[in-house]
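Text of start.cif, listed as mmCIF, C-alpha atoms:
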```cif
data_input
#
loop_
_atom_site.label_atom_id
_atom_site.label_comp_id
_atom_site.auth_asym_id
_atom_site.auth_seq_id
_atom_site.Cartn_x
_atom_site.Cartn_y
_atom_site.Cartn_z
CA MET B 298 61.94 115.80 56.60
CA SER B 299 64.05 113.93 59.13
CA GLU B 300 62.77 111.13 61.28
CA GLY B 301 61.53 111.90 64.78
CA LEU B 302 63.37 111.08 67.97
CA LEU B 303 62.47 107.99 70.00
CA VAL B 304 62.74 108.78 73.72
CA VAL B 305 62.48 105.86 76.13
CA LEU B 306 62.06 106.47 79.84
CA SER B 307 62.91 103.36 81.80
CA GLY B 308 63.60 102.37 85.38
CA PRO B 309 62.18 100.32 88.22
CA SER B 310 58.63 100.56 89.52
CA GLY B 311 58.44 103.57 91.80
CA ALA B 312 61.02 105.61 89.88
CA GLY B 313 58.21 107.92 88.82
CA LYS B 314 58.35 107.53 85.03
CA GLY B 315 54.64 108.25 84.69
CA THR B 316 54.75 111.42 86.78
CA LEU B 317 57.23 112.94 84.30
CA ARG B 318 55.03 112.42 81.26
CA PRO B 319 52.65 115.43 81.47
CA GLY B 320 55.52 117.90 81.89
CA LEU B 321 57.38 116.50 78.91
CA LEU B 322 54.34 116.46 76.64
CA ALA B 323 53.61 120.06 77.64
CA ALA B 324 57.19 121.14 76.90
CA PHE B 325 57.44 119.54 73.46
CA PRO B 326 54.41 120.03 71.18
CA ASN B 327 56.00 117.63 68.68
CA LEU B 328 56.28 114.82 71.27
CA ARG B 329 53.68 112.03 71.35
CA PHE B 330 53.29 109.38 74.04
CA CYS B 331 52.64 105.86 72.77
CA ILE B 332 50.99 103.60 75.31
CA SER B 333 51.99 100.02 75.95
CA ALA B 334 49.78 96.99 75.92
CA THR B 335 49.56 94.78 79.01
CA THR B 336 47.74 91.75 80.33
CA ARG B 337 47.79 93.03 83.91
CA PRO B 338 44.43 94.18 85.27
CA PRO B 339 43.84 97.95 85.33
CA ARG B 340 44.44 99.70 88.66
CA ARG B 341 41.49 101.64 90.03
CA ASN B 342 42.58 104.92 88.45
CA GLU B 343 43.48 103.47 85.06
CA THR B 344 41.40 103.30 81.88
CA HIS B 345 41.91 101.40 78.65
CA GLY B 346 43.59 103.53 75.99
CA GLN B 347 44.81 106.13 78.51
CA SER B 348 47.23 104.31 80.80
CA TYR B 349 47.61 101.10 78.84
CA LEU B 350 45.88 99.02 76.24
CA PHE B 351 44.50 96.36 78.60
CA TRP B 352 44.50 93.19 76.55
CA THR B 353 43.67 89.60 77.44
CA ARG B 354 46.57 87.20 77.26
CA GLN B 355 45.02 85.72 74.11
CA GLN B 356 44.74 89.13 72.39
CA PHE B 357 48.31 89.94 73.39
CA GLU B 358 49.71 86.70 72.05
CA ARG B 359 47.83 87.06 68.77
CA VAL B 360 49.27 90.53 68.07
CA ARG B 361 52.73 89.49 69.24
CA ASP B 362 52.77 86.37 67.05
CA ALA B 363 51.76 88.46 64.02
CA GLY B 364 54.84 90.69 64.52
CA GLY B 365 52.76 93.58 65.77
CA LEU B 366 54.94 94.38 68.79
CA LEU B 367 58.28 96.19 68.80
CA GLU B 368 59.19 94.37 72.00
CA TRP B 369 57.48 92.41 74.70
CA ALA B 370 58.41 91.04 78.09
CA GLU B 371 56.93 89.24 81.05
CA TYR B 372 57.15 91.30 84.24
CA VAL B 373 56.01 90.00 87.64
CA GLY B 374 53.61 87.58 85.95
CA ASN B 375 52.08 89.88 83.33
CA LEU B 376 52.89 90.51 79.68
CA TYR B 377 53.84 94.00 78.52
CA GLY B 378 54.55 95.09 74.96
CA THR B 379 54.86 98.02 72.57
CA PRO B 380 52.51 98.08 69.58
CA ARG B 381 54.66 98.64 66.51
CA GLU B 382 52.48 100.63 64.15
CA PRO B 383 51.85 103.91 66.03
CA VAL B 384 55.54 104.28 66.95
CA GLU B 385 56.83 103.67 63.45
CA GLN B 386 54.22 105.88 61.85
CA LEU B 387 54.77 108.85 64.16
CA LEU B 388 58.57 108.65 63.76
CA ALA B 389 58.21 108.53 59.97
CA GLU B 390 56.03 111.66 60.15
CA GLY B 391 58.85 113.44 61.99
CA ARG B 392 57.17 113.33 65.40
CA ASP B 393 59.16 112.57 68.53
CA VAL B 394 57.82 109.55 70.41
CA LEU B 395 57.88 108.99 74.17
CA LEU B 396 57.74 105.47 75.61
CA GLU B 397 57.84 104.23 79.20
CA LYS B 398 59.42 100.81 79.54
CA GLU B 399 60.73 98.48 82.20
CA MET B 400 64.37 97.50 81.74
CA GLN B 401 63.94 94.29 79.74
CA GLY B 402 61.63 96.02 77.25
CA ALA B 403 63.99 98.99 76.98
CA GLY B 404 66.86 96.61 76.26
CA GLN B 405 64.95 95.07 73.35
CA LEU B 406 64.00 98.50 72.02
CA LYS B 407 67.64 99.57 72.10
CA GLU B 408 68.42 96.71 69.73
CA ALA B 409 65.58 97.68 67.38
CA PHE B 410 66.28 101.46 67.65
CA PRO B 411 69.97 102.00 68.43
CA GLN B 412 69.45 105.66 67.45
CA GLY B 413 66.83 106.06 70.20
CA VAL B 414 67.49 107.99 73.42
CA PHE B 415 67.40 105.70 76.44
CA ILE B 416 67.03 107.39 79.81
CA PHE B 417 67.17 105.49 83.09
CA VAL B 418 65.04 107.17 85.74
CA LEU B 419 66.27 106.47 89.23
CA PRO B 420 64.46 107.06 92.49
CA PRO B 421 66.54 109.13 94.93
CA SER B 422 67.18 106.07 97.14
CA VAL B 423 66.04 102.49 97.70
CA ALA B 424 64.34 103.67 100.89
CA GLU B 425 62.31 106.20 98.91
CA LEU B 426 61.51 103.51 96.33
CA LYS B 427 60.08 101.39 99.15
CA ARG B 428 57.97 104.28 100.38
CA ARG B 429 56.62 104.99 96.90
CA ILE B 430 55.71 101.39 96.11
CA ALA B 431 54.17 100.86 99.57
CA GLY B 432 52.26 104.13 99.21
CA ARG B 433 50.29 102.89 96.20
CA ASP B 434 46.97 101.70 97.48
CA THR B 435 46.19 100.32 94.04
CA GLU B 436 48.29 97.18 94.51
CA SER B 437 48.13 94.32 96.99
CA PRO B 438 50.92 94.02 99.60
CA ALA B 439 52.07 90.83 97.85
CA GLU B 440 52.37 92.60 94.50
CA GLN B 441 54.15 95.53 96.17
CA LEU B 442 56.71 93.15 97.65
CA ARG B 443 57.30 91.46 94.30
CA ARG B 444 57.75 94.84 92.60
CA LEU B 445 60.18 95.99 95.24
CA GLN B 446 62.27 92.81 95.01
CA LYS B 447 62.27 93.11 91.23
CA ALA B 448 63.26 96.80 91.41
CA THR B 449 66.27 96.24 93.67
CA ALA B 450 67.43 93.28 91.55
CA GLU B 451 67.12 95.45 88.45
CA LEU B 452 69.22 98.21 89.93
CA GLU B 453 72.03 95.76 90.51
CA SER B 454 71.87 94.60 86.89
CA LEU B 455 71.90 98.18 85.55
CA PRO B 456 75.51 98.06 84.32
CA ASP B 457 74.49 95.26 81.89
CA TYR B 458 72.04 97.56 80.11
CA HIS B 459 73.04 100.22 77.68
CA TYR B 460 71.23 103.36 78.68
CA ASP B 461 72.48 106.67 77.36
CA TYR B 462 71.48 108.81 80.34
CA VAL B 463 70.56 108.51 84.00
CA VAL B 464 68.28 111.00 85.74
CA VAL B 465 67.55 110.88 89.46
CA ASN B 466 63.89 111.66 90.05
CA ASP B 467 64.21 113.42 93.38
CA ARG B 468 62.43 116.73 92.86
CA LEU B 469 60.05 116.37 89.92
CA GLU B 470 60.87 119.80 88.46
CA ASP B 471 64.63 119.10 88.48
CA ALA B 472 64.17 115.72 86.85
CA LEU B 473 61.92 117.30 84.21
CA ASP B 474 64.53 119.99 83.49
CA ARG B 475 67.18 117.38 82.93
CA ILE B 476 65.03 115.24 80.63
CA ARG B 477 63.95 118.33 78.68
CA ALA B 478 67.64 119.22 78.30
CA ILE B 479 68.39 115.71 77.03
CA ILE B 480 65.69 115.96 74.35
CA VAL B 481 66.83 119.44 73.22
CA ALA B 482 70.47 118.32 73.17
CA GLU B 483 69.74 115.14 71.22
CA HIS B 484 68.08 117.21 68.51
CA CYS B 485 71.34 119.16 68.19
CA ARG B 486 73.49 116.04 67.71
CA ILE B 487 75.36 116.34 64.45
CA SER B 488 74.62 112.68 63.72
CA ARG B 489 70.89 113.50 63.67
CA GLN B 490 71.08 116.29 61.13
CA ALA B 491 69.53 115.45 57.78
CA PRO B 492 72.05 114.25 55.18
CA GLY B 493 73.34 117.13 53.08
CA TRP B 494 72.46 119.80 55.61
CA VAL B 495 75.78 121.61 55.00
CA ASP B 496 74.93 121.84 51.30
CA ALA B 497 71.42 122.99 52.17
CA PHE B 498 72.92 125.63 54.49
CA CYS B 499 75.11 126.97 51.70
CA ARG B 500 72.24 126.97 49.17
CA ARG B 501 69.98 128.79 51.62
CA SER B 502 72.76 131.32 52.11
CA GLU B 503 73.08 132.04 48.40
CA ALA B 504 69.37 132.79 48.23
CA THR B 505 69.62 135.34 51.05
CA MET I 145 84.97 113.39 92.83
CA SER I 146 84.55 112.96 89.11
CA GLU I 147 86.45 114.93 86.52
CA GLY I 148 84.86 118.05 85.05
CA LEU I 149 83.42 118.35 81.58
CA LEU I 150 85.41 119.90 78.75
CA VAL I 151 83.10 121.95 76.51
CA VAL I 152 84.56 123.22 73.25
CA LEU I 153 82.69 125.81 71.19
CA SER I 154 83.99 125.90 67.68
CA GLY I 155 83.02 127.32 64.33
CA PRO I 156 84.09 129.87 61.77
CA SER I 157 84.86 133.53 62.49
CA GLY I 158 81.56 135.35 62.73
CA ALA I 159 79.62 132.41 64.17
CA GLY I 160 79.40 134.32 67.43
CA LYS I 161 81.25 131.94 69.78
CA GLY I 162 82.38 134.79 72.01
CA THR I 163 78.91 136.30 72.35
CA LEU I 164 77.67 133.05 73.92
CA ARG I 165 80.28 132.97 76.66
CA PRO I 166 78.80 135.36 79.27
CA GLY I 167 75.43 133.60 79.21
CA LEU I 168 77.01 130.19 79.67
CA LEU I 169 79.28 131.30 82.51
CA ALA I 170 76.28 132.89 84.23
CA ALA I 171 74.20 129.73 83.86
CA PHE I 172 76.82 127.31 85.22
CA PRO I 173 78.67 128.46 88.36
CA ASN I 174 80.97 125.44 88.01
CA LEU I 175 82.02 126.41 84.46
CA ARG I 176 85.32 128.22 83.86
CA PHE I 177 86.51 129.80 80.63
CA CYS I 178 90.13 129.16 79.72
CA ILE I 179 91.59 131.69 77.33
CA SER I 180 93.78 130.85 74.38
CA ALA I 181 97.17 132.26 73.55
CA THR I 182 97.75 133.98 70.21
CA THR I 183 100.40 135.87 68.32
CA ARG I 184 97.87 138.05 66.53
CA PRO I 185 97.80 141.68 67.68
CA PRO I 186 94.99 142.65 70.08
CA ARG I 187 91.95 144.32 68.53
CA ARG I 188 91.07 147.73 69.94
CA ASN I 189 88.64 146.33 72.51
CA GLU I 190 90.83 143.42 73.64
CA THR I 191 93.16 143.22 76.62
CA HIS I 192 95.82 140.67 77.55
CA GLY I 193 94.50 138.02 79.93
CA GLN I 194 90.86 138.83 79.17
CA SER I 195 90.33 138.03 75.50
CA TYR I 196 93.57 136.19 74.83
CA LEU I 197 97.06 135.81 76.15
CA PHE I 198 98.80 137.99 73.56
CA TRP I 199 102.21 136.43 73.12
CA THR I 200 105.06 137.17 70.76
CA ARG I 201 105.84 134.45 68.27
CA GLN I 202 109.00 133.69 70.25
CA GLN I 203 107.09 133.30 73.55
CA PHE I 204 104.52 131.11 71.82
CA GLU I 205 107.09 128.82 70.28
CA ARG I 206 108.96 128.44 73.56
CA VAL I 207 105.85 127.30 75.45
CA ARG I 208 104.73 125.08 72.57
CA ASP I 209 108.14 123.39 72.26
CA ALA I 210 108.15 122.66 76.02
CA GLY I 211 104.84 120.76 75.66
CA GLY I 212 102.88 123.51 77.36
CA LEU I 213 100.06 123.63 74.80
CA LEU I 214 97.19 121.16 74.44
CA GLU I 215 96.92 122.09 70.79
CA TRP I 216 98.09 124.82 68.48
CA ALA I 217 97.39 125.91 64.94
CA GLU I 218 98.23 128.62 62.46
CA TYR I 219 95.17 130.55 61.35
CA VAL I 220 95.26 133.31 58.73
CA GLY I 221 98.93 133.95 59.49
CA ASN I 222 98.81 133.91 63.29
CA LEU I 223 99.50 131.20 65.85
CA TYR I 224 96.78 130.17 68.30
CA GLY I 225 97.09 127.65 71.11
CA THR I 226 95.59 126.33 74.34
CA PRO I 227 97.79 126.47 77.45
CA ARG I 228 97.71 123.02 78.98
CA GLU I 229 98.02 123.62 82.71
CA PRO I 230 94.86 125.61 83.59
CA VAL I 231 92.63 123.23 81.62
CA GLU I 232 94.04 120.07 83.15
CA GLN I 233 94.03 121.51 86.65
CA LEU I 234 90.43 122.76 86.54
CA LEU I 235 89.15 119.46 85.11
CA ALA I 236 91.00 117.52 87.82
CA GLU I 237 89.33 119.74 90.43
CA GLY I 238 85.93 118.76 89.00
CA ARG I 239 85.30 122.09 87.27
CA ASP I 240 83.76 122.23 83.83
CA VAL I 241 85.96 124.05 81.33
CA LEU I 242 84.80 126.13 78.35
CA LEU I 243 87.09 126.67 75.38
CA GLU I 244 86.54 128.57 72.12
CA LYS I 245 88.48 127.11 69.23
CA GLU I 246 88.68 127.33 65.47
CA MET I 247 88.14 124.04 63.69
CA GLN I 248 91.71 122.83 63.37
CA GLY I 249 92.36 123.41 67.09
CA ALA I 250 89.08 121.71 68.00
CA GLY I 251 90.09 118.71 65.90
CA GLN I 252 93.34 118.37 67.83
CA LEU I 253 91.56 118.75 71.16
CA LYS I 254 89.12 116.00 70.19
CA GLU I 255 92.08 113.66 69.84
CA ALA I 256 93.48 114.66 73.23
CA PHE I 257 90.04 114.70 74.96
CA PRO I 258 87.71 112.26 73.19
CA GLN I 259 85.42 112.55 76.20
CA GLY I 260 85.05 116.31 75.64
CA VAL I 261 81.87 117.88 74.25
CA PHE I 262 82.47 119.45 70.85
CA ILE I 263 79.86 121.92 69.66
CA PHE I 264 79.94 123.49 66.23
CA VAL I 265 78.39 126.96 66.26
CA LEU I 266 76.98 127.91 62.92
CA PRO I 267 75.92 131.36 61.74
CA PRO I 268 72.36 131.37 60.40
CA SER I 269 73.62 131.80 56.81
CA VAL I 270 76.73 132.62 54.82
CA ALA I 271 75.19 136.01 54.00
CA GLU I 272 74.86 136.76 57.72
CA LEU I 273 78.42 135.57 58.28
CA LYS I 274 79.55 138.11 55.68
CA ARG I 275 77.60 140.87 57.38
CA ARG I 276 79.07 140.01 60.80
CA ILE I 277 82.66 139.84 59.62
CA ALA I 278 82.32 143.04 57.55
CA GLY I 279 80.67 144.75 60.53
CA ARG I 280 83.77 144.45 62.68
CA ASP I 281 85.59 147.73 62.48
CA THR I 282 88.47 146.17 64.40
CA GLU I 283 89.89 144.38 61.36
CA SER I 284 91.20 145.62 58.02
CA PRO I 285 89.15 144.87 54.89
CA ALA I 286 91.97 142.55 53.76
CA GLU I 287 91.82 140.54 57.00
CA GLN I 288 88.02 140.45 56.80
CA LEU I 289 88.21 138.98 53.31
CA ARG I 290 90.74 136.35 54.39
CA ARG I 291 88.54 135.38 57.36
CA LEU I 292 85.48 135.12 55.18
CA GLN I 293 87.22 132.94 52.60
CA LYS I 294 88.57 130.74 55.40
CA ALA I 295 85.13 130.48 57.02
CA THR I 296 83.35 129.33 53.87
CA ALA I 297 86.12 126.82 53.10
CA GLU I 298 85.79 125.50 56.67
CA LEU I 299 82.06 125.02 56.36
CA GLU I 300 82.61 122.83 53.34
CA SER I 301 85.11 120.68 55.24
CA LEU I 302 82.79 120.28 58.24
CA PRO I 303 81.87 116.66 57.50
CA ASP I 304 85.56 115.72 57.99
CA TYR I 305 85.50 116.93 61.59
CA HIS I 306 83.97 115.00 64.42
CA TYR I 307 81.79 117.41 66.32
CA ASP I 308 79.14 116.03 68.64
CA TYR I 309 76.61 118.83 68.24
CA VAL I 310 75.70 121.66 65.93
CA VAL I 311 73.95 124.81 67.14
CA VAL I 312 72.79 127.55 64.79
CA ASN I 313 73.48 130.92 66.37
CA ASP I 314 70.54 132.82 64.95
CA ARG I 315 68.82 134.32 67.99
CA LEU I 316 71.36 134.47 70.83
CA GLU I 317 68.87 133.36 73.50
CA ASP I 318 67.82 130.29 71.50
CA ALA I 319 71.42 129.29 70.85
CA LEU I 320 72.20 129.73 74.55
CA ASP I 321 69.25 127.55 75.52
CA ARG I 322 70.46 124.79 73.27
CA ILE I 323 74.04 124.90 74.52
CA ARG I 324 72.84 125.00 78.14
CA ALA I 325 70.74 121.92 77.37
CA ILE I 326 73.76 120.16 75.89
CA ILE I 327 75.83 120.79 79.04
CA VAL I 328 73.03 119.62 81.37
CA ALA I 329 72.41 116.53 79.22
CA GLU I 330 76.08 115.61 79.02
CA HIS I 331 76.27 115.61 82.82
CA CYS I 332 73.45 113.02 82.81
CA ARG I 333 75.25 110.66 80.41
CA ILE I 334 75.59 107.30 82.04
CA SER I 335 79.16 107.03 80.74
CA ARG I 336 80.10 110.10 82.81
CA GLN I 337 78.85 108.79 86.13
CA ALA I 338 81.60 107.98 88.62
CA PRO I 339 82.60 104.29 88.64
CA GLY I 340 80.65 102.37 91.26
CA TRP I 341 77.80 104.86 91.42
CA VAL I 342 75.20 102.06 91.51
CA ASP I 343 76.92 100.60 94.57
CA ALA I 344 77.11 104.05 96.11
CA PHE I 345 73.41 104.53 95.42
CA CYS I 346 72.55 101.29 97.20
CA ARG I 347 74.82 102.10 100.17
CA ARG I 348 73.32 105.58 100.47
CA SER I 349 69.92 103.94 100.44
CA GLU I 350 70.73 101.63 103.32
CA ALA I 351 71.77 104.61 105.40
CA THR I 352 68.45 106.38 104.83
#
```
When written as structure tokens, how does the structure in this file appear?
Amino acid sequence: MSEGLLVVLSGPSGAGKGTLRPGLLAAFPNLRFCISATTRPPRRNETHGQSYLFWTRQQFERVRDAGGLLEWAEYVGNLYGTPREPVEQLLAEGRDVLLEKEMQGAGQLKEAFPQGVFIFVLPPSVAELKRRIAGRDTESPAEQLRRLQKATAELESLPDYHYDYVVVNDRLEDALDRIRAIIVAEHCRISRQAPGWVDAFCRRSEAT
Amino acid sequence: MSEGLLVVLSGPSGAGKGTLRPGLLAAFPNLRFCISATTRPPRRNETHGQSYLFWTRQQFERVRDAGGLLEWAEYVGNLYGTPREPVEQLLAEGRDVLLEKEMQGAGQLKEAFPQGVFIFVLPPSVAELKRRIAGRDTESPAEQLRRLQKATAELESLPDYHYDYVVVNDRLEDALDRIRAIIVAEHCRISRQAPGWVDAFCRRSEAT
């Protein structure tokens, strides 16, 4: 059995990474979403274990210091990280794994998983990004401003990161189609075929 | 305007490269098929300019010696080649170009167009390959045998070639889906975005 595919959706706040998730999970029965851990407080509509693992700073640091995170980063004052065990276990079982990461976290994951698929999700414009961040009534105006400033700074630093793909999230259905295509295509990459698959092909043929 | 995508379908005789073409051209209005030139005689159902440019060996050698071919190869006693001008012109106009090539020709094209997308189309099994080649009543039994021997030898040499993707052509619709996904995904590759697209994105945003 070959190892599963690690798919990382990344991009600034307001790019709409989370809105893409249900469509992708519905399209790929073998795809599992692994949630991140964070020290930021839950928004009104968020619950522990669904949106994030909401940890105290102390909990977070304990797991991190024991090597239990694949990556971690501080983002507008809060810690975010990816618990190692579920990701590694699912991949070893041949499942595909979906992660949603800000840029710094995605950069660290790329070093740990160079064979992963790193997709940068872009809002259609900075103006639309502003509207989306301002439209969230789950964050204070001060936090919205910080997120917007961070997002525009991140866009400018994009060329320093090593994403494989960029998808503009303008119409949700179009963005979903493109990400679905990326996942299907990546499974067809010759570099991802199990070693000896040509031999296996020929053996299977003799049995026919 | 950015340059178009070169998509090369390759694989042994009987893999079904030609059967995929209509579906791909229908799916991508910007995709153009460029035919090859060959010195082999037309099969009953083939016409000049549709299936191939059927050239005499003298014509072929004249064009080839004037640098008018992107690649050429001898295959089971006949010459095959890719006329340079239509491919280069369509790509420069921003069109995507589809080519169907045996393995040796695809290998040469990969050197000339490392940025091209090289897809190896595989029959579901060697037994099925035999059935498909034997099922063509347009070739003599002797030519069928030569093509079959060539095809199995080629499969064994596959690891020496540098294809990007492999697609098993078992059910036509599934194979088409996968190749369509590859073309959509390749257009999303960050390395294919026009230089300065981040700047352009930010400028477009200011205008909104």
With 4 Å on each side, where is the centre of the axis-aligned box around all listed atoms of stretch 314-322 of chain B, and how long are its edges in Å to one decimal, as lines of an AutoDock Vina configuration file?
```
center_x = 55.5
center_y = 112.7
center_z = 81.7
size_x = 13.7
size_y = 18.4
size_z = 18.1
```
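From atom CA of I:Arg322 back to atom CA of I:Pro156, the distance works out to 18.5 Å.
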Residues matched by the PyMOL selection byres ((chain I) within 6 of (chain B)) as a PDB file with C-alpha atoms, keeping the file's coordinate frame:
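Contents of result_11.pdb, freshly written:
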```
ATOM      1  CA  SER I 269      73.620 131.800  56.810  1.00  0.00           C
ATOM      2  CA  VAL I 270      76.730 132.620  54.820  1.00  0.00           C
ATOM      3  CA  ALA I 271      75.190 136.010  54.000  1.00  0.00           C
ATOM      4  CA  ASP I 308      79.140 116.030  68.640  1.00  0.00           C
ATOM      5  CA  TYR I 309      76.610 118.830  68.240  1.00  0.00           C
ATOM      6  CA  VAL I 310      75.700 121.660  65.930  1.00  0.00           C
ATOM      7  CA  ALA I 325      70.740 121.920  77.370  1.00  0.00           C
ATOM      8  CA  ILE I 326      73.760 120.160  75.890  1.00  0.00           C
ATOM      9  CA  ALA I 329      72.410 116.530  79.220  1.00  0.00           C
ATOM     10  CA  CYS I 332      73.450 113.020  82.810  1.00  0.00           C
ATOM     11  CA  ARG I 333      75.250 110.660  80.410  1.00  0.00           C
ATOM     12  CA  ILE I 334      75.590 107.300  82.040  1.00  0.00           C
ATOM     13  CA  SER I 349      69.920 103.940 100.440  1.00  0.00           C
TER      14      SER I 349
END
```
Practice task
Using only C-alpha atoms, determine which residues lie at most 8 Å from B:Ile430, disregarding the query and same-chain residues fewer than 5 positions distant; provide the list as a PyMOL selection string.
Solution key: chain B and resi 310-311+441+444-445
Problem - Residue with smallest distance to I:Asn222 - pool I:Gln194, I:Thr182, I:Thr200, I:Ser154, counting only C-alpha atoms - result: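 For I:Asn222, the nearest of the candidates is I:Thr182.
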Exercise for the section: Please evaluate the PyMOL selection byres ((chain I and resi 231-244) around 8) against the structure above and give the resulting residues as number ranges by chain. Expected result: I: 145-154, 161-162, 174-180, 227-230, 245-246
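The space separating atom CA of B:Ala324 from atom CA of B:Asn342 comes to 24.7 Å.
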Problem - Sel. within 8 Å of pt (51.1, 96.2, 71.8), counting all atoms listed in the file, output as a ChimeraX atom specification - result: /B:333-335,350,357,360-361,365-367,369,377-381
Practice task
To one decimal in Å, tell me the separation between atom CA of B:Lys447 and atom CA of B:Arg359.
Solution key: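 Separating atom CA of B:Lys447 from atom CA of B:Arg359 is a distance of 27.4 Å.
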Exercise for the section: Counting only C-alpha atoms, note down every residue that has an atom within 7 Å of the point (99.3, 136.4, 64.6) (file coordinates), as number ranges by chain. Expected result: I: 182-185, 221-223
Fill in the blank from the handout: Among B:Asp362, B:Ala323, B:Val418, B:Tyr372, B:Asn466 is approached most closely, using all atoms listed in the file, by B:Val418
Mind dumping stretch 175-204 of chain I from that block, keeping C-alpha atoms, as a PDB file, in the first residue's frame?
```pdb
ATOM      1  CA  LEU I 175      -6.613  23.312 -26.544  1.00  0.00           C
ATOM      2  CA  ARG I 176      -5.415  22.566 -30.082  1.00  0.00           C
ATOM      3  CA  PHE I 177      -4.221  19.239 -31.442  1.00  0.00           C
ATOM      4  CA  CYS I 178      -1.125  19.372 -33.627  1.00  0.00           C
ATOM      5  CA  ILE I 179      -0.743  16.413 -35.935  1.00  0.00           C
ATOM      6  CA  SER I 180       2.491  14.589 -36.567  1.00  0.00           C
ATOM      7  CA  ALA I 181       4.104  13.832 -39.885  1.00  0.00           C
ATOM      8  CA  THR I 182       4.878  10.246 -40.851  1.00  0.00           C
ATOM      9  CA  THR I 183       6.198   8.217 -43.740  1.00  0.00           C
ATOM     10  CA  ARG I 184       4.022   5.224 -42.907  1.00  0.00           C
ATOM     11  CA  PRO I 185       1.166   4.602 -45.337  1.00  0.00           C
ATOM     12  CA  PRO I 186      -2.298   5.777 -44.234  1.00  0.00           C
ATOM     13  CA  ARG I 187      -4.576   3.131 -42.727  1.00  0.00           C
ATOM     14  CA  ARG I 188      -7.926   2.695 -44.452  1.00  0.00           C
ATOM     15  CA  ASN I 189      -9.715   5.141 -42.153  1.00  0.00           C
ATOM     16  CA  GLU I 190      -7.009   7.821 -42.164  1.00  0.00           C
ATOM     17  CA  THR I 191      -6.751  10.933 -44.293  1.00  0.00           C
ATOM     18  CA  HIS I 192      -3.873  13.365 -44.853  1.00  0.00           C
ATOM     19  CA  GLY I 193      -4.097  16.389 -42.572  1.00  0.00           C
ATOM     20  CA  GLN I 194      -6.558  14.722 -40.202  1.00  0.00           C
ATOM     21  CA  SER I 195      -4.736  11.763 -38.684  1.00  0.00           C
ATOM     22  CA  TYR I 196      -1.223  12.568 -39.862  1.00  0.00           C
ATOM     23  CA  LEU I 197       0.614  14.520 -42.479  1.00  0.00           C
ATOM     24  CA  PHE I 198       1.490  11.588 -44.743  1.00  0.00           C
ATOM     25  CA  TRP I 199       4.825  12.504 -46.264  1.00  0.00           C
ATOM     26  CA  THR I 200       7.208  10.606 -48.491  1.00  0.00           C
ATOM     27  CA  ARG I 201      10.543   9.768 -46.947  1.00  0.00           C
ATOM     28  CA  GLN I 202      12.129  12.409 -49.194  1.00  0.00           C
ATOM     29  CA  GLN I 203       9.689  15.141 -48.046  1.00  0.00           C
ATOM     30  CA  PHE I 204      10.233  14.139 -44.429  1.00  0.00           C
TER      31      PHE I 204
END
```
